[in-house]
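Trainee: Structure file data-v7.tsv, TSV, N, CA and C atoms, is pasted below:
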```
chain	number	residue	atom	x	y	z
A	12	MET	N	13.24	-10.03	-9.81
A	12	MET	CA	12.06	-9.61	-10.54
A	12	MET	C	11.07	-8.98	-9.57
A	13	CYS	N	10.45	-7.97	-9.99
A	13	CYS	CA	9.39	-7.31	-9.22
A	13	CYS	C	8.13	-8.13	-9.39
A	14	SER	N	7.59	-8.65	-8.29
A	14	SER	CA	6.42	-9.52	-8.39
A	14	SER	C	5.20	-8.79	-8.92
A	15	ALA	N	5.12	-7.50	-8.69
A	15	ALA	CA	3.95	-6.75	-9.12
A	15	ALA	C	3.98	-6.41	-10.61
A	16	CYS	N	5.17	-6.21	-11.17
A	16	CYS	CA	5.23	-5.76	-12.56
A	16	CYS	C	6.04	-6.69	-13.46
A	17	ASP	N	6.61	-7.76	-12.95
A	17	ASP	CA	7.38	-8.73	-13.71
A	17	ASP	C	8.52	-8.11	-14.52
A	18	THR	N	9.17	-7.11	-13.94
A	18	THR	CA	10.33	-6.52	-14.57
A	18	THR	C	11.51	-6.65	-13.62
A	19	PRO	N	12.71	-6.73	-14.16
A	19	PRO	CA	13.87	-6.83	-13.27
A	19	PRO	C	14.04	-5.57	-12.46
A	20	PRO	N	14.61	-5.67	-11.25
A	20	PRO	CA	14.81	-4.48	-10.42
A	20	PRO	C	15.78	-3.52	-11.10
A	21	PRO	N	15.61	-2.22	-10.88
A	21	PRO	CA	16.49	-1.24	-11.52
A	21	PRO	C	17.88	-1.25	-10.90
A	22	GLU	N	18.82	-0.68	-11.65
A	22	GLU	CA	20.18	-0.52	-11.13
A	22	GLU	C	20.16	0.46	-9.97
A	23	ARG	N	20.97	0.22	-8.97
A	23	ARG	CA	21.05	1.16	-7.85
A	23	ARG	C	22.18	2.13	-8.09
A	24	ALA	N	22.28	3.12	-7.22
A	24	ALA	CA	23.31	4.15	-7.34
A	24	ALA	C	24.69	3.49	-7.43
A	25	GLY	N	25.51	4.00	-8.31
A	25	GLY	CA	26.84	3.45	-8.48
A	25	GLY	C	26.88	2.28	-9.44
A	26	GLY	N	25.76	1.95	-10.09
A	26	GLY	CA	25.73	0.87	-11.05
A	26	GLY	C	25.72	-0.51	-10.43
A	27	VAL	N	25.44	-0.62	-9.14
A	27	VAL	CA	25.42	-1.91	-8.47
A	27	VAL	C	24.02	-2.49	-8.55
A	28	SER	N	23.90	-3.66	-9.14
A	28	SER	CA	22.61	-4.29	-9.25
A	28	SER	C	22.24	-4.96	-7.94
A	29	PRO	N	20.98	-4.83	-7.46
A	29	PRO	CA	20.60	-5.45	-6.20
A	29	PRO	C	20.47	-6.96	-6.30
A	30	THR	N	20.74	-7.55	-7.46
A	30	THR	CA	20.63	-9.00	-7.60
A	30	THR	C	21.96	-9.70	-7.31
A	31	ARG	N	22.98	-8.98	-6.93
A	31	ARG	CA	24.29	-9.59	-6.69
A	31	ARG	C	24.49	-9.96	-5.23
A	32	GLY	N	25.03	-11.11	-5.00
A	32	GLY	CA	25.54	-11.55	-3.71
A	32	GLY	C	24.67	-11.31	-2.50
A	33	GLY	N	25.27	-10.72	-1.46
A	33	GLY	CA	24.63	-10.54	-0.17
A	33	GLY	C	23.45	-9.59	-0.19
A	34	VAL	N	23.42	-8.68	-1.14
A	34	VAL	CA	22.29	-7.75	-1.21
A	34	VAL	C	21.02	-8.54	-1.49
A	35	ARG	N	21.08	-9.50	-2.37
A	35	ARG	CA	19.90	-10.31	-2.69
A	35	ARG	C	19.51	-11.17	-1.50
A	36	LEU	N	20.47	-11.62	-0.70
A	36	LEU	CA	20.18	-12.41	0.49
A	36	LEU	C	19.36	-11.58	1.49
A	37	GLY	N	19.74	-10.31	1.67
A	37	GLY	CA	19.00	-9.43	2.57
A	37	GLY	C	17.57	-9.24	2.12
A	38	VAL	N	17.37	-9.11	0.81
A	38	VAL	CA	16.02	-8.97	0.27
A	38	VAL	C	15.22	-10.23	0.53
A	39	ALA	N	15.85	-11.39	0.36
A	39	ALA	CA	15.15	-12.66	0.60
A	39	ALA	C	14.78	-12.82	2.07
A	40	VAL	N	15.65	-12.41	2.97
A	40	VAL	CA	15.35	-12.48	4.40
A	40	VAL	C	14.19	-11.54	4.74
A	41	ALA	N	14.21	-10.33	4.19
A	41	ALA	CA	13.12	-9.38	4.45
A	41	ALA	C	11.80	-9.91	3.91
A	42	ARG	N	11.82	-10.50	2.72
A	42	ARG	CA	10.60	-11.11	2.17
A	42	ARG	C	10.10	-12.23	3.08
A	43	GLY	N	11.03	-13.02	3.59
A	43	GLY	CA	10.64	-14.11	4.50
A	43	GLY	C	10.02	-13.59	5.78
A	44	LEU	N	10.56	-12.52	6.34
A	44	LEU	CA	9.99	-11.94	7.56
A	44	LEU	C	8.60	-11.36	7.31
A	45	ILE	N	8.42	-10.71	6.17
A	45	ILE	CA	7.10	-10.18	5.83
A	45	ILE	C	6.13	-11.34	5.61
A	46	GLY	N	6.58	-12.40	4.96
A	46	GLY	CA	5.73	-13.58	4.77
A	46	GLY	C	5.36	-14.23	6.09
A	47	LEU	N	6.31	-14.27	7.02
A	47	LEU	CA	6.03	-14.82	8.35
A	47	LEU	C	4.98	-13.97	9.07
A	48	TYR	N	5.10	-12.66	8.94
A	48	TYR	CA	4.09	-11.76	9.52
A	48	TYR	C	2.71	-12.05	8.92
A	49	ARG	N	2.67	-12.22	7.60
A	49	ARG	CA	1.39	-12.49	6.93
A	49	ARG	C	0.75	-13.79	7.40
A	50	LEU	N	1.57	-14.78	7.71
A	50	LEU	CA	1.04	-16.08	8.13
A	50	LEU	C	0.68	-16.14	9.61
A	51	THR	N	1.37	-15.37	10.44
A	51	THR	CA	1.18	-15.51	11.88
A	51	THR	C	0.38	-14.37	12.51
A	52	LEU	N	0.85	-13.14	12.38
A	52	LEU	CA	0.22	-12.01	13.07
A	52	LEU	C	-0.94	-11.40	12.28
A	53	SER	N	-0.82	-11.29	11.00
A	53	SER	CA	-1.85	-10.63	10.20
A	53	SER	C	-3.24	-11.23	10.36
A	54	PRO	N	-3.39	-12.57	10.39
A	54	PRO	CA	-4.74	-13.12	10.58
A	54	PRO	C	-5.36	-12.78	11.94
A	55	LEU	N	-4.53	-12.45	12.92
A	55	LEU	CA	-5.03	-12.14	14.26
A	55	LEU	C	-5.48	-10.68	14.40
A	56	LEU	N	-5.08	-9.83	13.46
A	56	LEU	CA	-5.40	-8.40	13.51
A	56	LEU	C	-6.63	-8.11	12.66
A	57	PRO	N	-7.40	-7.09	13.03
A	57	PRO	CA	-8.55	-6.73	12.19
A	57	PRO	C	-8.08	-6.18	10.85
A	58	ASN	N	-8.87	-6.41	9.81
A	58	ASN	CA	-8.53	-5.94	8.47
A	58	ASN	C	-9.02	-4.51	8.30
A	59	VAL	N	-8.20	-3.57	8.69
A	59	VAL	CA	-8.55	-2.16	8.61
A	59	VAL	C	-7.48	-1.37	7.87
A	60	CYS	N	-7.03	-1.88	6.75
A	60	CYS	CA	-5.97	-1.20	5.99
A	60	CYS	C	-6.45	0.16	5.51
A	61	ARG	N	-5.59	1.15	5.67
A	61	ARG	CA	-5.90	2.51	5.24
A	61	ARG	C	-5.41	2.76	3.82
A	62	TYR	N	-4.57	1.90	3.32
A	62	TYR	CA	-3.95	2.11	2.01
A	62	TYR	C	-4.14	0.88	1.13
A	63	GLN	N	-4.06	1.12	-0.16
A	63	GLN	CA	-3.96	0.06	-1.15
A	63	GLN	C	-2.69	0.33	-1.93
A	64	PRO	N	-1.80	-0.60	-2.13
A	64	PRO	CA	-1.77	-1.96	-1.60
A	64	PRO	C	-1.48	-1.97	-0.10
A	65	SER	N	-1.67	-3.12	0.49
A	65	SER	CA	-1.44	-3.26	1.93
A	65	SER	C	0.03	-2.97	2.25
A	66	CYS	N	0.32	-2.70	3.51
A	66	CYS	CA	1.69	-2.37	3.91
A	66	CYS	C	2.67	-3.52	3.63
A	67	SER	N	2.22	-4.76	3.81
A	67	SER	CA	3.13	-5.88	3.56
A	67	SER	C	3.43	-6.02	2.07
A	68	ALA	N	2.43	-5.86	1.21
A	68	ALA	CA	2.68	-5.91	-0.23
A	68	ALA	C	3.55	-4.74	-0.66
A	69	TYR	N	3.30	-3.56	-0.09
A	69	TYR	CA	4.09	-2.37	-0.36
A	69	TYR	C	5.55	-2.61	0.04
A	70	GLY	N	5.74	-3.21	1.22
A	70	GLY	CA	7.09	-3.46	1.71
A	70	GLY	C	7.87	-4.41	0.82
A	71	ILE	N	7.22	-5.48	0.39
A	71	ILE	CA	7.91	-6.43	-0.49
A	71	ILE	C	8.31	-5.75	-1.79
A	72	GLU	N	7.41	-4.99	-2.38
A	72	GLU	CA	7.73	-4.32	-3.65
A	72	GLU	C	8.83	-3.27	-3.47
A	73	ALA	N	8.77	-2.49	-2.39
A	73	ALA	CA	9.78	-1.46	-2.15
A	73	ALA	C	11.16	-2.08	-1.94
A	74	ILE	N	11.23	-3.15	-1.19
A	74	ILE	CA	12.52	-3.79	-0.92
A	74	ILE	C	13.06	-4.47	-2.17
A	75	GLU	N	12.20	-5.08	-2.96
A	75	GLU	CA	12.67	-5.68	-4.21
A	75	GLU	C	13.11	-4.62	-5.21
A	76	ARG	N	12.41	-3.51	-5.26
A	76	ARG	CA	12.72	-2.47	-6.24
A	76	ARG	C	13.96	-1.67	-5.87
A	77	PHE	N	14.12	-1.31	-4.59
A	77	PHE	CA	15.19	-0.40	-4.19
A	77	PHE	C	16.26	-1.03	-3.31
A	78	GLY	N	16.12	-2.30	-2.97
A	78	GLY	CA	17.09	-2.94	-2.10
A	78	GLY	C	16.68	-2.81	-0.64
A	79	LEU	N	17.41	-3.50	0.22
A	79	LEU	CA	17.04	-3.57	1.63
A	79	LEU	C	17.18	-2.23	2.34
A	80	TRP	N	18.25	-1.49	2.10
A	80	TRP	CA	18.48	-0.23	2.81
A	80	TRP	C	17.46	0.84	2.41
A	81	ALA	N	17.43	1.22	1.14
A	81	ALA	CA	16.52	2.28	0.70
A	81	ALA	C	15.07	1.81	0.76
A	82	GLY	N	14.80	0.59	0.33
A	82	GLY	CA	13.44	0.07	0.37
A	82	GLY	C	12.91	-0.06	1.79
A	83	GLY	N	13.80	-0.39	2.73
A	83	GLY	CA	13.40	-0.46	4.14
A	83	GLY	C	12.99	0.90	4.67
A	84	TRP	N	13.67	1.96	4.25
A	84	TRP	CA	13.31	3.31	4.68
A	84	TRP	C	12.02	3.78	4.02
A	85	VAL	N	11.80	3.38	2.77
A	85	VAL	CA	10.53	3.71	2.11
A	85	VAL	C	9.40	3.02	2.86
A	86	LEU	N	9.61	1.76	3.25
A	86	LEU	CA	8.60	1.03	4.02
A	86	LEU	C	8.39	1.65	5.40
A	87	ALA	N	9.47	2.06	6.06
A	87	ALA	CA	9.34	2.69	7.38
A	87	ALA	C	8.49	3.96	7.30
A	88	ALA	N	8.67	4.75	6.24
A	88	ALA	CA	7.85	5.95	6.07
A	88	ALA	C	6.39	5.59	5.88
A	89	ARG	N	6.12	4.52	5.13
A	89	ARG	CA	4.73	4.09	4.92
A	89	ARG	C	4.11	3.62	6.24
A	90	LEU	N	4.86	2.85	7.02
A	90	LEU	CA	4.34	2.37	8.31
A	90	LEU	C	4.10	3.53	9.27
A	91	ALA	N	4.94	4.56	9.20
A	91	ALA	CA	4.74	5.73	10.07
A	91	ALA	C	3.49	6.51	9.68
A	92	ARG	N	3.10	6.46	8.41
A	92	ARG	CA	1.89	7.15	7.97
A	92	ARG	C	0.62	6.37	8.29
A	93	CYS	N	0.76	5.11	8.63
A	93	CYS	CA	-0.39	4.23	8.82
A	93	CYS	C	-0.89	4.32	10.27
A	94	HIS	N	-1.77	5.29	10.52
A	94	HIS	CA	-2.37	5.46	11.83
A	94	HIS	C	-3.74	6.11	11.64
A	95	PRO	N	-4.60	6.06	12.63
A	95	PRO	CA	-5.97	6.56	12.46
A	95	PRO	C	-6.09	8.02	12.01
A	96	LEU	N	-5.13	8.85	12.32
A	96	LEU	CA	-5.20	10.25	11.92
A	96	LEU	C	-4.46	10.53	10.61
A	97	GLY	N	-3.90	9.48	10.02
A	97	GLY	CA	-3.14	9.65	8.79
A	97	GLY	C	-4.02	9.64	7.56
A	98	ALA	N	-3.39	9.74	6.41
A	98	ALA	CA	-4.10	9.73	5.14
A	98	ALA	C	-4.54	8.30	4.81
A	99	SER	N	-5.24	8.16	3.70
A	99	SER	CA	-5.63	6.84	3.21
A	99	SER	C	-5.79	6.93	1.71
A	100	GLY	N	-5.88	5.79	1.04
A	100	GLY	CA	-6.11	5.77	-0.39
A	100	GLY	C	-5.08	4.94	-1.13
A	101	PHE	N	-5.03	5.13	-2.43
A	101	PHE	CA	-4.11	4.38	-3.28
A	101	PHE	C	-2.73	5.00	-3.16
A	102	ASP	N	-1.77	4.22	-2.70
A	102	ASP	CA	-0.42	4.70	-2.43
A	102	ASP	C	0.59	3.69	-2.94
A	103	PRO	N	0.89	3.69	-4.24
A	103	PRO	CA	1.84	2.73	-4.78
A	103	PRO	C	3.28	3.09	-4.40
A	104	VAL	N	4.16	2.14	-4.54
A	104	VAL	CA	5.59	2.37	-4.33
A	104	VAL	C	6.06	3.36	-5.40
A	105	PRO	N	6.85	4.37	-5.04
A	105	PRO	CA	7.30	5.34	-6.05
A	105	PRO	C	8.14	4.66	-7.13
A	106	ASP	N	8.08	5.21	-8.33
A	106	ASP	CA	8.87	4.67	-9.44
A	106	ASP	C	10.36	4.89	-9.23
A	107	ARG	N	10.70	6.05	-8.68
A	107	ARG	CA	12.10	6.39	-8.43
A	107	ARG	C	12.25	6.91	-7.01
A	108	LEU	N	13.44	6.76	-6.48
A	108	LEU	CA	13.74	7.34	-5.18
A	108	LEU	C	14.12	8.81	-5.36
A	109	PRO	N	13.77	9.66	-4.40
A	109	PRO	CA	14.27	11.03	-4.48
A	109	PRO	C	15.78	11.03	-4.25
A	110	ALA	N	16.43	12.06	-4.72
A	110	ALA	CA	17.88	12.16	-4.55
A	110	ALA	C	18.20	12.26	-3.06
A	111	ALA	N	18.98	11.33	-2.57
A	111	ALA	CA	19.39	11.33	-1.17
A	111	ALA	C	20.68	10.53	-1.03
A	112	ALA	N	21.47	10.88	-0.08
A	112	ALA	CA	22.70	10.16	0.19
A	112	ALA	C	22.40	8.96	1.08
A	113	TRP	N	23.22	7.93	1.01
A	113	TRP	CA	22.98	6.72	1.80
A	113	TRP	C	23.01	7.02	3.29
A	114	TYR	N	23.74	8.06	3.71
A	114	TYR	CA	23.84	8.37	5.14
A	114	TYR	C	22.68	9.27	5.61
A	115	ALA	N	21.76	9.64	4.71
A	115	ALA	CA	20.55	10.40	5.07
A	115	ALA	C	19.34	9.64	4.52
A	116	PRO	N	19.15	8.38	4.94
A	116	PRO	CA	18.13	7.54	4.31
A	116	PRO	C	16.70	7.97	4.59
A	117	TRP	N	16.47	8.78	5.61
A	117	TRP	CA	15.11	9.21	5.89
A	117	TRP	C	14.56	10.06	4.75
A	118	ARG	N	15.42	10.56	3.90
A	118	ARG	CA	14.96	11.35	2.75
A	118	ARG	C	14.38	10.48	1.65
A	119	TYR	N	14.55	9.16	1.72
A	119	TYR	CA	13.95	8.26	0.74
A	119	TYR	C	12.44	8.17	0.90
A	120	GLY	N	11.95	8.33	2.10
A	120	GLY	CA	10.54	8.11	2.39
A	120	GLY	C	9.67	9.33	2.18
A	121	ARG	N	8.40	9.08	1.93
A	121	ARG	CA	7.39	10.14	1.88
A	121	ARG	C	6.65	10.03	3.21
A	122	TRP	N	6.95	10.93	4.14
A	122	TRP	CA	6.51	10.80	5.52
A	122	TRP	C	5.12	11.38	5.78
A	123	SER	N	4.57	12.12	4.85
A	123	SER	CA	3.20	12.63	5.00
A	123	SER	C	2.35	12.03	3.89
A	124	GLY	N	1.07	12.21	3.96
A	124	GLY	CA	0.18	11.67	2.94
A	124	GLY	C	-0.19	12.68	1.87
A	125	ARG	N	0.55	13.76	1.75
A	125	ARG	CA	0.23	14.81	0.78
A	125	ARG	C	0.32	14.34	-0.67
A	126	HIS	N	1.07	13.29	-0.94
A	126	HIS	CA	1.26	12.83	-2.32
A	126	HIS	C	0.09	11.96	-2.80
A	127	ILE	N	-0.82	11.58	-1.94
A	127	ILE	CA	-1.93	10.68	-2.29
A	127	ILE	C	-3.06	11.50	-2.92
A	128	ASP	N	-3.57	11.02	-4.03
A	128	ASP	CA	-4.66	11.69	-4.73
A	128	ASP	C	-5.92	11.66	-3.87
A	129	PRO	N	-6.52	12.80	-3.57
A	129	PRO	CA	-7.74	12.82	-2.73
A	129	PRO	C	-8.89	12.01	-3.30
A	130	ALA	N	-8.92	11.81	-4.62
A	130	ALA	CA	-10.00	11.04	-5.24
A	130	ALA	C	-9.94	9.56	-4.85
A	131	THR	N	-8.79	9.10	-4.36
A	131	THR	CA	-8.65	7.68	-4.00
A	131	THR	C	-8.80	7.42	-2.51
A	132	ARG	N	-9.14	8.43	-1.75
A	132	ARG	CA	-9.26	8.25	-0.29
A	132	ARG	C	-10.25	7.15	0.05
A	133	LEU	N	-9.95	6.40	1.08
A	133	LEU	CA	-10.79	5.27	1.48
A	133	LEU	C	-11.73	5.60	2.62
A	134	ASP	N	-11.60	6.76	3.23
A	134	ASP	CA	-12.48	7.10	4.34
A	134	ASP	C	-13.46	8.19	4.00
```
I need this file expressed as structure tokens, please.
Mentor:
Amino acid sequence: MCSACDTPPPERAGGVSPTRGGVRLGVAVARGLIGLYRLTLSPLLPNVCRYQPSCSAYGIEAIERFGLWAGGWVLAARLARCHPLGASGFDPVPDRLPAAAWYAPWRYGRWSGRHIDPATRLD
């Protein structure tokens, strides 16, 4: 279930549901690592998030929605955009992944901030 929208995760390419077997275990491990970050490192860092939702909330939702492989790449793109010269504002997890092959996972991510509505900028 997606914690943000209370709907079951969508089917992945090939009709494989991310709720089966080892795929779900990977999602649980990733959620645990993000939770560990929230409990240990996050309180020590200044609260200067450039985006809403925060990167950790974004990561959990992306991994639950798209699975560990594709969701991890979506999260990696978000983390790469999170720097002082980057964009800011409301940046939700995309509803669908762009068409990409599993062996070209960098195409899953939105690597620039051009998709963010300027009206939601935080700076």
Trainee: Which one of A:Pro95, A:Asp128, A:Val104, A:Trp80 sits closest to Gly37 of chain A if you count only N, CA and C atoms?
Mentor: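 Checking each candidate against Gly37 of chain A, we get A:Trp80 as the closest.
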Trainee: Skip segment 114-122 of chain A itself and residues of its chain fewer than 2 positions away, then list as a list in words all residues within 10 Å of it, counting only C-alpha atoms.
Mentor: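 Using only C-alpha atoms, the neighbours found are Trp80, Ala81, Gly82, Gly83, Trp84, Val85, Leu86, Ala87, Ala88, Arg89, Leu90, Ala91, Arg92, Pro105, Arg107, Leu108, Pro109, Ala110, Ala111, Ala112, Gly124, Arg125 and His126 of chain A.
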Trainee: Counting all atoms listed in the file, note down every residue that has an atom within 7 Å of the point (-7.0, 6.2, 3.5) (file coordinates), as a compact mmCIF listing (two decimals) with N, CA and C atoms, keeping the file's coordinate frame.
Mentor:
```txt
# COMPACT_ATOMS: atom_id res chain seq x y z
N CYS A 60 -7.03 -1.88 6.75
CA CYS A 60 -5.97 -1.20 5.99
C CYS A 60 -6.45 0.16 5.51
N ARG A 61 -5.59 1.15 5.67
CA ARG A 61 -5.90 2.51 5.24
C ARG A 61 -5.41 2.76 3.82
N TYR A 62 -4.57 1.90 3.32
CA TYR A 62 -3.95 2.11 2.01
C TYR A 62 -4.14 0.88 1.13
N GLN A 63 -4.06 1.12 -0.16
CA GLN A 63 -3.96 0.06 -1.15
C GLN A 63 -2.69 0.33 -1.93
N GLY A 97 -3.90 9.48 10.02
CA GLY A 97 -3.14 9.65 8.79
C GLY A 97 -4.02 9.64 7.56
N ALA A 98 -3.39 9.74 6.41
CA ALA A 98 -4.10 9.73 5.14
C ALA A 98 -4.54 8.30 4.81
N SER A 99 -5.24 8.16 3.70
CA SER A 99 -5.63 6.84 3.21
C SER A 99 -5.79 6.93 1.71
N GLY A 100 -5.88 5.79 1.04
CA GLY A 100 -6.11 5.77 -0.39
C GLY A 100 -5.08 4.94 -1.13
N PHE A 101 -5.03 5.13 -2.43
CA PHE A 101 -4.11 4.38 -3.28
C PHE A 101 -2.73 5.00 -3.16
N THR A 131 -8.79 9.10 -4.36
CA THR A 131 -8.65 7.68 -4.00
C THR A 131 -8.80 7.42 -2.51
N ARG A 132 -9.14 8.43 -1.75
CA ARG A 132 -9.26 8.25 -0.29
C ARG A 132 -10.25 7.15 0.05
N LEU A 133 -9.95 6.40 1.08
CA LEU A 133 -10.79 5.27 1.48
C LEU A 133 -11.73 5.60 2.62
N ASP A 134 -11.60 6.76 3.23
CA ASP A 134 -12.48 7.10 4.34
C ASP A 134 -13.46 8.19 4.00
```
Trainee: One number please: atom C of Leu47 of chain A to atom C of Ser123 of chain A, in Å, one decimal.
Mentor: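 The value is 26.6 Å.
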Trainee: Would you mind reading off the distance between atom C of Ala41 of chain A and atom N of Ile71 of chain A, one decimal, in Å?
Mentor: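 Atom C of Ala41 of chain A sits 7.3 Å away from atom N of Ile71 of chain A.
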Trainee: Would you list, as a PyMOL selection string, the residues of segment 54-120 of chain A that end up in alpha helix (DSSP H) under DSSP run on this structure's backbone?
Mentor: chain A and resi 66-92
Trainee: What separation in Å, quoted to one decimal, exists between atom CA of Asp102 of chain A and atom N of Pro64 of chain A?
Mentor: 5.5 Å
Trainee: Can you list every residue in chain A that DSSP puts in strand (DSSP E), as a list in words?
Mentor: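 Filtering chain A down to strand (DSSP E) leaves Tyr62, Gln63, Gly100 and Phe101 of chain A.
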